Structures are given as C-alpha cells and as structure tokens.
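Source file: start-v7.cif. Holds: mmCIF, C-alpha atoms.
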```cif
data_structure
loop_
_atom_site.group_PDB
_atom_site.id
_atom_site.type_symbol
_atom_site.label_atom_id
_atom_site.label_comp_id
_atom_site.auth_asym_id
_atom_site.auth_seq_id
_atom_site.Cartn_x
_atom_site.Cartn_y
_atom_site.Cartn_z
ATOM 1 C CA MET M 1 -38.855 7.260 13.337
ATOM 2 C CA VAL M 2 -37.776 3.711 12.362
ATOM 3 C CA VAL M 3 -37.503 4.796 8.725
ATOM 4 C CA LEU M 4 -35.289 7.740 9.727
ATOM 5 C CA ILE M 5 -32.957 5.456 11.710
ATOM 6 C CA GLY M 6 -32.777 3.091 8.718
ATOM 7 C CA ILE M 7 -31.860 5.941 6.369
ATOM 8 C CA LEU M 8 -29.156 7.224 8.718
ATOM 9 C CA ALA M 9 -27.738 3.710 9.167
ATOM 10 C CA ALA M 10 -27.632 3.170 5.387
ATOM 11 C CA ALA M 11 -25.840 6.496 4.907
ATOM 12 C CA ALA M 12 -23.237 5.706 7.585
ATOM 13 C CA SER M 13 -22.592 2.140 6.419
ATOM 14 C CA PRO M 14 -20.075 2.883 3.605
ATOM 15 C CA SER M 15 -17.925 5.068 5.847
ATOM 16 C CA PHE M 16 -18.043 2.438 8.578
ATOM 17 C CA VAL M 17 -16.892 -0.294 6.169
ATOM 18 C CA SER M 18 -14.173 1.996 4.801
ATOM 19 C CA GLY M 19 -12.993 2.734 8.335
ATOM 20 C CA MET M 20 -12.808 -0.977 9.130
ATOM 21 C CA ARG M 21 -10.644 -1.600 6.050
ATOM 22 C CA ASP M 22 -8.363 1.300 6.956
ATOM 23 C CA ARG M 23 -7.966 -0.142 10.464
ATOM 24 C CA ARG M 24 -6.901 -3.493 8.992
ATOM 25 C CA VAL M 25 -4.231 -1.753 6.909
ATOM 26 C CA ASN M 26 -3.056 0.248 9.926
ATOM 27 C CA ARG M 27 -2.892 -2.918 12.026
ATOM 28 C CA ALA M 28 -0.865 -4.715 9.337
ATOM 29 C CA ALA M 29 1.633 -1.833 9.280
ATOM 30 C CA MET M 30 1.918 -1.934 13.085
ATOM 31 C CA GLU M 31 2.546 -5.702 12.975
ATOM 32 C CA ILE M 32 5.289 -5.252 10.347
ATOM 33 C CA SER M 33 6.919 -2.586 12.495
ATOM 34 C CA GLY M 34 6.678 -4.948 15.468
ATOM 35 C CA ILE M 35 8.366 -7.772 13.512
ATOM 36 C CA TYR M 36 11.425 -5.608 12.820
ATOM 37 C CA ARG M 37 11.584 -4.337 16.422
ATOM 38 C CA LEU M 38 11.227 -7.882 17.789
ATOM 39 C CA ALA M 39 14.094 -9.093 15.606
ATOM 40 C CA ARG M 40 16.394 -6.270 16.696
ATOM 41 C CA TYR M 41 15.619 -6.678 20.402
ATOM 42 C CA GLN M 42 16.026 -10.441 20.150
ATOM 43 C CA ALA M 43 19.441 -10.088 18.477
ATOM 44 C CA ILE M 44 20.660 -7.793 21.228
ATOM 45 C CA GLY M 45 19.097 -9.869 24.007
ATOM 46 C CA ARG M 46 20.274 -13.288 22.784
ATOM 47 C CA GLY M 47 23.684 -12.227 21.582
ATOM 48 C CA ALA M 48 23.184 -13.716 18.120
ATOM 49 C CA ALA M 49 22.212 -12.362 14.723
ATOM 50 C CA VAL M 50 18.521 -12.304 13.766
ATOM 51 C CA LEU M 51 17.228 -11.996 10.206
ATOM 52 C CA VAL M 52 13.929 -10.671 8.832
ATOM 53 C CA ARG M 53 13.287 -11.961 5.306
ATOM 54 C CA TRP M 54 10.648 -10.241 3.140
ATOM 55 C CA THR M 55 9.506 -12.129 0.064
ATOM 56 C CA ALA M 56 6.955 -10.350 -2.125
ATOM 57 C CA SER M 57 5.856 -13.514 -3.935
ATOM 58 C CA THR M 58 4.650 -15.110 -0.681
ATOM 59 C CA GLY M 59 3.796 -11.894 1.169
ATOM 60 C CA ALA M 60 5.689 -13.172 4.202
ATOM 61 C CA PHE M 61 7.969 -11.564 6.746
ATOM 62 C CA GLN M 62 9.950 -14.456 8.215
ATOM 63 C CA VAL M 63 12.155 -14.033 11.299
ATOM 64 C CA ARG M 64 15.037 -16.464 11.868
ATOM 65 C CA GLN M 65 17.719 -16.442 14.551
ATOM 66 C CA ALA M 66 21.264 -17.742 14.268
ATOM 67 C CA HIS M 67 22.405 -20.511 16.564
ATOM 68 C CA VAL M 68 24.826 -19.523 19.311
ATOM 69 C CA ASP M 69 27.896 -21.750 19.156
ATOM 70 C CA ASN M 70 29.280 -23.141 22.405
ATOM 71 C CA ILE M 71 33.024 -22.932 21.756
ATOM 72 C CA ALA M 72 34.323 -23.759 25.245
ATOM 73 C CA ALA M 73 32.669 -24.450 28.571
ATOM 74 C CA GLY M 74 30.839 -21.268 29.519
ATOM 75 C CA SER M 75 32.004 -19.361 26.437
ATOM 76 C CA LEU M 76 29.358 -18.270 23.956
ATOM 77 C CA ILE M 77 30.369 -16.785 20.635
ATOM 78 C CA ALA M 78 27.773 -14.613 18.987
ATOM 79 C CA THR M 79 27.057 -15.450 15.378
ATOM 80 C CA SER M 80 27.133 -12.433 13.085
ATOM 81 C CA CYS M 81 25.061 -11.750 9.977
ATOM 82 C CA LEU M 82 28.064 -12.499 7.798
ATOM 83 C CA SER M 83 29.042 -15.817 9.400
ATOM 84 C CA VAL M 84 25.772 -17.612 8.584
ATOM 85 C CA THR M 85 26.180 -19.052 5.103
ATOM 86 C CA ASN M 86 22.557 -20.135 4.596
ATOM 87 C CA TRP M 87 19.842 -18.460 6.680
ATOM 88 C CA MET M 88 17.287 -21.127 5.737
ATOM 89 C CA ASP M 89 19.514 -23.998 6.928
ATOM 90 C CA PRO M 90 18.119 -25.527 10.180
ATOM 91 C CA ALA M 91 21.654 -26.466 11.215
ATOM 92 C CA GLN M 92 22.627 -22.776 11.317
ATOM 93 C CA THR M 93 19.379 -20.981 12.144
ATOM 94 C CA GLU M 94 15.937 -21.580 13.564
ATOM 95 C CA PRO M 95 12.587 -19.933 12.854
ATOM 96 C CA VAL M 96 11.213 -17.417 15.349
ATOM 97 C CA THR M 97 7.975 -16.256 13.736
ATOM 98 C CA THR M 98 6.345 -15.482 10.397
ATOM 99 C CA LEU M 99 3.934 -12.689 9.547
ATOM 100 C CA GLN M 100 1.820 -13.579 6.526
ATOM 101 C CA THR M 101 0.511 -10.433 4.812
ATOM 102 C CA GLU M 102 -0.881 -11.969 1.631
ATOM 103 C CA GLY M 103 -4.276 -12.750 3.164
ATOM 104 C CA ILE M 104 -4.970 -9.235 4.465
ATOM 105 C CA GLU M 105 -8.019 -7.974 2.586
ATOM 106 C CA LEU M 106 -7.407 -5.033 0.239
ATOM 107 C CA ALA M 107 -3.857 -4.452 1.507
ATOM 108 C CA ALA M 108 -0.951 -4.141 -0.935
ATOM 109 C CA MET M 109 2.632 -4.419 0.376
ATOM 110 C CA GLN M 110 5.684 -2.861 -1.195
ATOM 111 C CA LEU M 111 9.250 -2.734 0.138
ATOM 112 C CA LEU M 112 11.425 0.170 -0.967
ATOM 113 C CA ASP M 113 15.189 0.408 -0.524
ATOM 114 C CA PRO M 114 16.771 3.668 0.723
ATOM 115 C CA THR M 115 16.900 5.022 -2.853
ATOM 116 C CA GLY M 116 13.145 4.469 -3.264
ATOM 117 C CA ALA M 117 13.449 1.500 -5.641
ATOM 118 C CA ALA M 118 10.985 -1.341 -5.083
ATOM 119 C CA SER M 119 12.398 -4.724 -4.144
ATOM 120 C CA ASP M 120 10.787 -8.157 -4.290
ATOM 121 C CA ASN M 121 13.167 -9.579 -1.675
ATOM 122 C CA ALA M 122 14.986 -8.078 1.271
ATOM 123 C CA ASP M 123 16.932 -9.618 4.117
ATOM 124 C CA VAL M 124 17.454 -7.299 7.076
ATOM 125 C CA CYS M 125 19.881 -8.697 9.623
ATOM 126 C CA PHE M 126 20.408 -7.332 13.136
ATOM 127 C CA THR M 127 23.644 -8.014 14.997
ATOM 128 C CA PRO M 128 24.033 -8.541 18.748
ATOM 129 C CA ARG M 129 25.523 -5.042 18.926
ATOM 130 C CA GLY M 130 22.478 -3.470 17.313
ATOM 131 C CA ARG M 131 23.922 -2.885 13.853
ATOM 132 C CA THR M 132 21.667 -3.352 10.838
ATOM 133 C CA PHE M 133 22.697 -5.028 7.591
ATOM 134 C CA VAL M 134 20.676 -5.538 4.413
ATOM 135 C CA ARG M 135 20.794 -7.453 1.153
ATOM 136 C CA TYR M 136 18.235 -7.533 -1.650
ATOM 137 C CA ASN M 137 19.357 -10.846 -3.136
ATOM 138 C CA PRO M 138 19.304 -13.911 -0.848
ATOM 139 C CA ALA M 139 22.481 -15.169 -2.551
ATOM 140 C CA GLY M 140 24.233 -11.796 -2.202
ATOM 141 C CA THR M 141 26.319 -10.400 0.612
ATOM 142 C CA PHE M 142 25.165 -8.158 3.440
ATOM 143 C CA ALA M 143 26.028 -4.476 3.513
ATOM 144 C CA PRO M 144 25.395 -1.973 6.304
ATOM 145 C CA LEU M 145 21.989 -0.297 6.016
ATOM 146 C CA LEU M 146 22.879 3.316 5.210
ATOM 147 C CA GLY M 147 19.433 4.789 4.692
ATOM 148 C CA ALA M 148 15.882 4.088 5.798
ATOM 149 C CA LEU M 149 14.231 1.009 4.353
ATOM 150 C CA ARG M 150 10.484 1.521 3.871
ATOM 151 C CA VAL M 151 7.576 -0.914 3.732
ATOM 152 C CA ASN M 152 4.407 0.641 2.309
ATOM 153 C CA VAL M 153 1.053 -0.878 3.219
ATOM 154 C CA THR M 154 -1.725 0.532 1.030
ATOM 155 C CA ASN M 155 -5.479 0.047 1.177
ATOM 156 C CA THR M 156 -6.209 -0.756 -2.461
ATOM 157 C CA ARG M 157 -9.761 0.559 -2.229
ATOM 158 C CA THR M 158 -9.418 3.803 -0.249
ATOM 159 C CA GLY M 159 -5.783 4.597 -1.070
ATOM 160 C CA LEU M 160 -4.819 4.919 2.604
ATOM 161 C CA LEU M 161 -1.029 4.529 2.882
ATOM 162 C CA ARG M 162 0.860 3.500 6.017
ATOM 163 C CA SER M 163 4.640 3.312 5.902
ATOM 164 C CA VAL M 164 6.988 1.412 8.172
ATOM 165 C CA PHE M 165 10.495 2.861 8.307
ATOM 166 C CA VAL M 166 13.559 0.831 9.290
ATOM 167 C CA PRO M 167 16.410 3.341 9.754
ATOM 168 C CA PRO M 168 20.111 2.407 10.019
ATOM 169 C CA ASN M 169 19.834 2.056 13.810
ATOM 170 C CA GLY M 170 17.224 -0.680 13.209
ATOM 171 C CA VAL M 171 14.491 0.735 15.438
ATOM 172 C CA ALA M 172 11.468 0.414 13.145
ATOM 173 C CA ARG M 173 8.712 2.988 13.393
ATOM 174 C CA LEU M 174 5.355 3.579 11.831
ATOM 175 C CA GLY M 175 5.030 6.752 9.791
ATOM 176 C CA LEU M 176 1.669 8.477 9.784
#
```

Using the file provided, produce a representation of the structure as structure tokens.
Amino acid sequence: MVVLIGILAAAASPSFVSGMRDRRVNRAAMEISGIYRLARYQAIGRGAAVLVRWTASTGAFQVRQAHVDNIAAGSLIATSCLSVTNWMDPAQTEPVTTLQTEGIELAAMQLLDPTGAASDNADVCFTPRGRTFVRYNPAGTFAPLLGALRVNVTNTRTGLLRSVFVPPNGVARLGL
C-alpha cells in the first residue's frame, strides 16, 4: 500500500510542479494587468497624468505620477502627458510603485506594439480624462494609443502564454 502511494505521488509530481510554474506565470500576467489599471484609475482619480514605463533590460514596470501644480489658491491644474518634460525628474514626477518581473522563475516578458512588433521600451501615459498615450522611445513624443498594446508572459518551460492587453481606452485586461 505504501509503495503504491509512493508510485502515484512520483507520477503526479511533474504535473504538480508544472502547474505551480504555470500559476506563477498567470499571477505575473495578472499583476501586470493590475499595474496598468492602477495607473489609469490613479490618473483619473488624482487629476494628473500617470505613466507606466516598461524597460526590457531591467524587466521592470515602473509607475510614476505627475505633480499637480497649485496655480492659484484652490485652483489645481492637471498635468498632462505632454507637459512633463522628463518623467524621471523628481521635481516633475514621483514614483508610485514598481513591478519587477526579471526575478520570476521561468517567465519571459515581451511587449508588442499594436502592429505586433516587439519593443524593448514603452511608456504608456494615462491622462486625467482617461485618454491613453504611448511612446516607444523615452526621448520621443507621445502619440494617442490607436490599437491594443500587448504584454506576453510566457512560461519558458511549458510554453504557457498569458497576454495582457492595453486597448486605446486604457482598461487593461488579461487574455486567456
């Protein structure tokens, strides 16, 4: 009886380990989707632009929010994506959160623009009115997002693929 249980446990072990790895990849995709949703909701709620920066070399999704300028007593002017000259400048923006994906075991990340071309960098900026802008070069200018941006999270061992879609309305969703 003990031998039979041992044999069954040994047979089930590889599928259990594979399932655990697939769950890690699925969780990473859900967290990426949550980062984009958080940024959009924060932009609308605060009344200031919020940026999500993806950098493939570091594997990081960094969220930064623009400062709200107090122009006159009681008057707040919302900062737009285009009015921030340097999103990494602490005088203009402040960090919100960072999602580090590089350390996720057996997970490969890839960001694809709406045409399907892979990009090593992408800045997605959400305005206080819910509009979504994108640029693929940190020194470039923002343009309205006209198609769905996609972040693929792949389990490098099992091949399981989870995709996060960021459509022009900015409401990120997880594709199954």

Please compute the CA of Ser33 in chain M-CA of Asn137 in chain M distance, one decimal, in Å.
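A separation of 21.6 Å between them.
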
Enumerate, as a compact mmCIF listing (two decimals) with C-alpha atoms, in the frame of the given file, the residues matched when the PyMOL selection byres ((chain M and resi 62) around 7) is run on the file above.
```txt
# COMPACT_ATOMS: atom_id res chain seq x y z
CA VAL M 52 13.93 -10.67 8.83
CA ARG M 53 13.29 -11.96 5.31
CA TRP M 54 10.65 -10.24 3.14
CA ALA M 60 5.69 -13.17 4.20
CA PHE M 61 7.97 -11.56 6.75
CA VAL M 63 12.16 -14.03 11.30
CA ARG M 64 15.04 -16.46 11.87
CA THR M 97 7.98 -16.26 13.74
CA THR M 98 6.34 -15.48 10.40
CA LEU M 99 3.93 -12.69 9.55
```

Residues of range 96-133 of chain M within 12 Å of range 77-88 of chain M: nearest atom pair and distance (Å, one decimal) for each, counting all atoms listed in the file, sorted by chain and number, as a Markdown table?
```
| residue | atom | partner | partner_atom | distance |
| --- | --- | --- | --- | --- |
| M:Val96 | CA | M:Met88 | CA | 12.0 |
| M:Asp123 | CA | M:Trp87 | CA | 9.7 |
| M:Val124 | CA | M:Cys81 | CA | 9.3 |
| M:Cys125 | CA | M:Cys81 | CA | 6.0 |
| M:Phe126 | CA | M:Cys81 | CA | 7.2 |
| M:Thr127 | CA | M:Ser80 | CA | 5.9 |
| M:Pro128 | CA | M:Ala78 | CA | 7.1 |
| M:Arg129 | CA | M:Ser80 | CA | 9.6 |
| M:Gly130 | CA | M:Ser80 | CA | 10.9 |
| M:Arg131 | CA | M:Cys81 | CA | 9.7 |
| M:Thr132 | CA | M:Cys81 | CA | 9.1 |
| M:Phe133 | CA | M:Cys81 | CA | 7.5 |
```

Within 7 Å of range 156-175 of chain M: each range 70-146 of chain M residue with its shortest pair, all atoms listed in the file, as a Markdown table:
```
| residue | atom | partner | partner_atom | distance |
| --- | --- | --- | --- | --- |
| M:Leu106 | CA | M:Thr156 | CA | 5.2 |
| M:Ala107 | CA | M:Thr156 | CA | 5.9 |
| M:Ala108 | CA | M:Thr156 | CA | 6.4 |
| M:Arg131 | CA | M:Asn169 | CA | 6.4 |
| M:Thr132 | CA | M:Gly170 | CA | 5.7 |
| M:Leu145 | CA | M:Pro168 | CA | 5.2 |
| M:Leu146 | CA | M:Pro168 | CA | 5.6 |
```

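Of the residues under consideration (M:Val134, M:Ala48, M:Ile104, M:Ala143), M:Ile104 shows the shortest atom-to-atom contact distance to Arg23 in chain M when counting only C-alpha atoms.
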
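The smallest atom-to-atom distance between Arg24 in chain M and any of M:Gly45, M:Ala66, M:Gln110, M:Thr101, using only C-alpha atoms, is found for M:Thr101.
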
If you measure from CA of Ser119 in chain M to CA of Gln42 in chain M, what distance in Å do you get, rounded to one decimal?
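Interatomic distance here is 25.2 Å.
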
Separation of CA of Gly34 in chain M from CA of Ala91 in chain M in Å
26.6 Å

Shell around Met109 in chain M at 9 Å using only C-alpha atoms, local window under 5 positions removed, as a list in words
Ala56, Gly59, Thr101, Glu102, Val151, Asn152, Val153 and Thr154 of chain M

Picked residues, the PyMOL selection byres ((chain M and resi 115) around 9), expected as a PyMOL selection string
chain M and resi 112-114+116-118+147-149

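Across M:Ala122, M:Thr93, M:Gln65, M:Gly103, the tightest approach to Ile44 in chain M is made by M:Gln65 when counting all atoms listed in the file.
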
Give the answer as one residue: which of M:Thr55, M:Arg40, M:Thr141, M:Val25 has the shortest atom-to-atom distance to Leu111 in chain M, using all atoms listed in the file?
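That would be M:Thr55, the residue with the smallest distance to Leu111 in chain M.
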
Nearest to Asp89 in chain M: which of M:Gly140, M:Tyr41, M:His67, M:Arg27 is it, counting all atoms listed in the file?
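Distance minimum relative to Asp89 in chain M lands on M:His67.
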
From the set M:Leu51, M:Asp120, M:Asn155, M:Thr58, which residue has the shortest atom-to-atom contact distance to Leu38 in chain M, counting all atoms listed in the file?
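With all atoms listed in the file as the atom set, the closest residue is M:Leu51.
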
Rebuild range 109-134 of chain M to N, CA and C atoms - output it as a PDB file, keeping the file's coordinate frame, please.
```pdb
ATOM      1  N   MET M 109       1.347  -4.647  -0.275  1.00  0.00           N
ATOM      2  CA  MET M 109       2.632  -4.419   0.376  1.00  0.00           C
ATOM      3  C   MET M 109       3.678  -4.095  -0.674  1.00  0.00           C
ATOM      4  N   GLN M 110       4.570  -3.187  -0.313  1.00  0.00           N
ATOM      5  CA  GLN M 110       5.684  -2.861  -1.195  1.00  0.00           C
ATOM      6  C   GLN M 110       6.872  -2.468  -0.326  1.00  0.00           C
ATOM      7  N   LEU M 111       8.034  -3.071  -0.590  1.00  0.00           N
ATOM      8  CA  LEU M 111       9.250  -2.734   0.138  1.00  0.00           C
ATOM      9  C   LEU M 111      10.130  -1.877  -0.752  1.00  0.00           C
ATOM     10  N   LEU M 112      10.584  -0.756  -0.215  1.00  0.00           N
ATOM     11  CA  LEU M 112      11.425   0.170  -0.967  1.00  0.00           C
ATOM     12  C   LEU M 112      12.783   0.287  -0.290  1.00  0.00           C
ATOM     13  N   ASP M 113      13.855   0.229  -1.089  1.00  0.00           N
ATOM     14  CA  ASP M 113      15.189   0.408  -0.524  1.00  0.00           C
ATOM     15  C   ASP M 113      15.414   1.892  -0.228  1.00  0.00           C
ATOM     16  N   PRO M 114      16.549   2.253   0.381  1.00  0.00           N
ATOM     17  CA  PRO M 114      16.771   3.668   0.723  1.00  0.00           C
ATOM     18  C   PRO M 114      16.746   4.636  -0.447  1.00  0.00           C
ATOM     19  N   THR M 115      16.962   4.144  -1.683  1.00  0.00           N
ATOM     20  CA  THR M 115      16.900   5.022  -2.853  1.00  0.00           C
ATOM     21  C   THR M 115      15.478   5.191  -3.362  1.00  0.00           C
ATOM     22  N   GLY M 116      14.536   4.398  -2.834  1.00  0.00           N
ATOM     23  CA  GLY M 116      13.145   4.469  -3.264  1.00  0.00           C
ATOM     24  C   GLY M 116      12.779   3.423  -4.299  1.00  0.00           C
ATOM     25  N   ALA M 117      13.721   2.553  -4.664  1.00  0.00           N
ATOM     26  CA  ALA M 117      13.449   1.500  -5.641  1.00  0.00           C
ATOM     27  C   ALA M 117      12.738   0.333  -4.960  1.00  0.00           C
ATOM     28  N   ALA M 118      11.731  -0.207  -5.626  1.00  0.00           N
ATOM     29  CA  ALA M 118      10.985  -1.341  -5.083  1.00  0.00           C
ATOM     30  C   ALA M 118      11.829  -2.610  -5.173  1.00  0.00           C
ATOM     31  N   SER M 119      11.658  -3.471  -4.186  1.00  0.00           N
ATOM     32  CA  SER M 119      12.398  -4.724  -4.144  1.00  0.00           C
ATOM     33  C   SER M 119      11.446  -5.869  -3.828  1.00  0.00           C
ATOM     34  N   ASP M 120      11.622  -6.982  -4.531  1.00  0.00           N
ATOM     35  CA  ASP M 120      10.787  -8.157  -4.290  1.00  0.00           C
ATOM     36  C   ASP M 120      11.297  -9.005  -3.138  1.00  0.00           C
ATOM     37  N   ASN M 121      12.552  -8.827  -2.769  1.00  0.00           N
ATOM     38  CA  ASN M 121      13.167  -9.579  -1.675  1.00  0.00           C
ATOM     39  C   ASN M 121      14.052  -8.638  -0.878  1.00  0.00           C
ATOM     40  N   ALA M 122      14.073  -8.849   0.421  1.00  0.00           N
ATOM     41  CA  ALA M 122      14.986  -8.078   1.271  1.00  0.00           C
ATOM     42  C   ALA M 122      15.242  -8.862   2.544  1.00  0.00           C
ATOM     43  N   ASP M 123      16.514  -9.028   2.858  1.00  0.00           N
ATOM     44  CA  ASP M 123      16.932  -9.618   4.117  1.00  0.00           C
ATOM     45  C   ASP M 123      17.520  -8.508   4.965  1.00  0.00           C
ATOM     46  N   VAL M 124      16.929  -8.273   6.128  1.00  0.00           N
ATOM     47  CA  VAL M 124      17.454  -7.299   7.076  1.00  0.00           C
ATOM     48  C   VAL M 124      17.968  -8.103   8.260  1.00  0.00           C
ATOM     49  N   CYS M 125      19.249  -7.926   8.561  1.00  0.00           N
ATOM     50  CA  CYS M 125      19.881  -8.697   9.623  1.00  0.00           C
ATOM     51  C   CYS M 125      20.347  -7.752  10.727  1.00  0.00           C
ATOM     52  N   PHE M 126      20.023  -8.119  11.961  1.00  0.00           N
ATOM     53  CA  PHE M 126      20.408  -7.332  13.136  1.00  0.00           C
ATOM     54  C   PHE M 126      21.495  -8.090  13.891  1.00  0.00           C
ATOM     55  N   THR M 127      22.545  -7.394  14.271  1.00  0.00           N
ATOM     56  CA  THR M 127      23.644  -8.014  14.997  1.00  0.00           C
ATOM     57  C   THR M 127      23.415  -7.887  16.496  1.00  0.00           C
ATOM     58  N   PRO M 128      24.161  -8.659  17.290  1.00  0.00           N
ATOM     59  CA  PRO M 128      24.033  -8.541  18.748  1.00  0.00           C
ATOM     60  C   PRO M 128      24.412  -7.162  19.284  1.00  0.00           C
ATOM     61  N   ARG M 129      25.143  -6.400  18.508  1.00  0.00           N
ATOM     62  CA  ARG M 129      25.523  -5.042  18.926  1.00  0.00           C
ATOM     63  C   ARG M 129      24.566  -3.982  18.402  1.00  0.00           C
ATOM     64  N   GLY M 130      23.495  -4.408  17.768  1.00  0.00           N
ATOM     65  CA  GLY M 130      22.478  -3.470  17.313  1.00  0.00           C
ATOM     66  C   GLY M 130      22.707  -2.892  15.932  1.00  0.00           C
ATOM     67  N   ARG M 131      23.696  -3.371  15.213  1.00  0.00           N
ATOM     68  CA  ARG M 131      23.922  -2.885  13.853  1.00  0.00           C
ATOM     69  C   ARG M 131      22.936  -3.548  12.896  1.00  0.00           C
ATOM     70  N   THR M 132      22.640  -2.864  11.805  1.00  0.00           N
ATOM     71  CA  THR M 132      21.667  -3.352  10.838  1.00  0.00           C
ATOM     72  C   THR M 132      22.336  -3.526   9.481  1.00  0.00           C
ATOM     73  N   PHE M 133      22.174  -4.721   8.915  1.00  0.00           N
ATOM     74  CA  PHE M 133      22.697  -5.028   7.591  1.00  0.00           C
ATOM     75  C   PHE M 133      21.539  -5.408   6.686  1.00  0.00           C
ATOM     76  N   VAL M 134      21.734  -5.244   5.371  1.00  0.00           N
ATOM     77  CA  VAL M 134      20.676  -5.538   4.413  1.00  0.00           C
ATOM     78  C   VAL M 134      21.272  -6.147   3.156  1.00  0.00           C
TER      79      VAL M 134
END
```
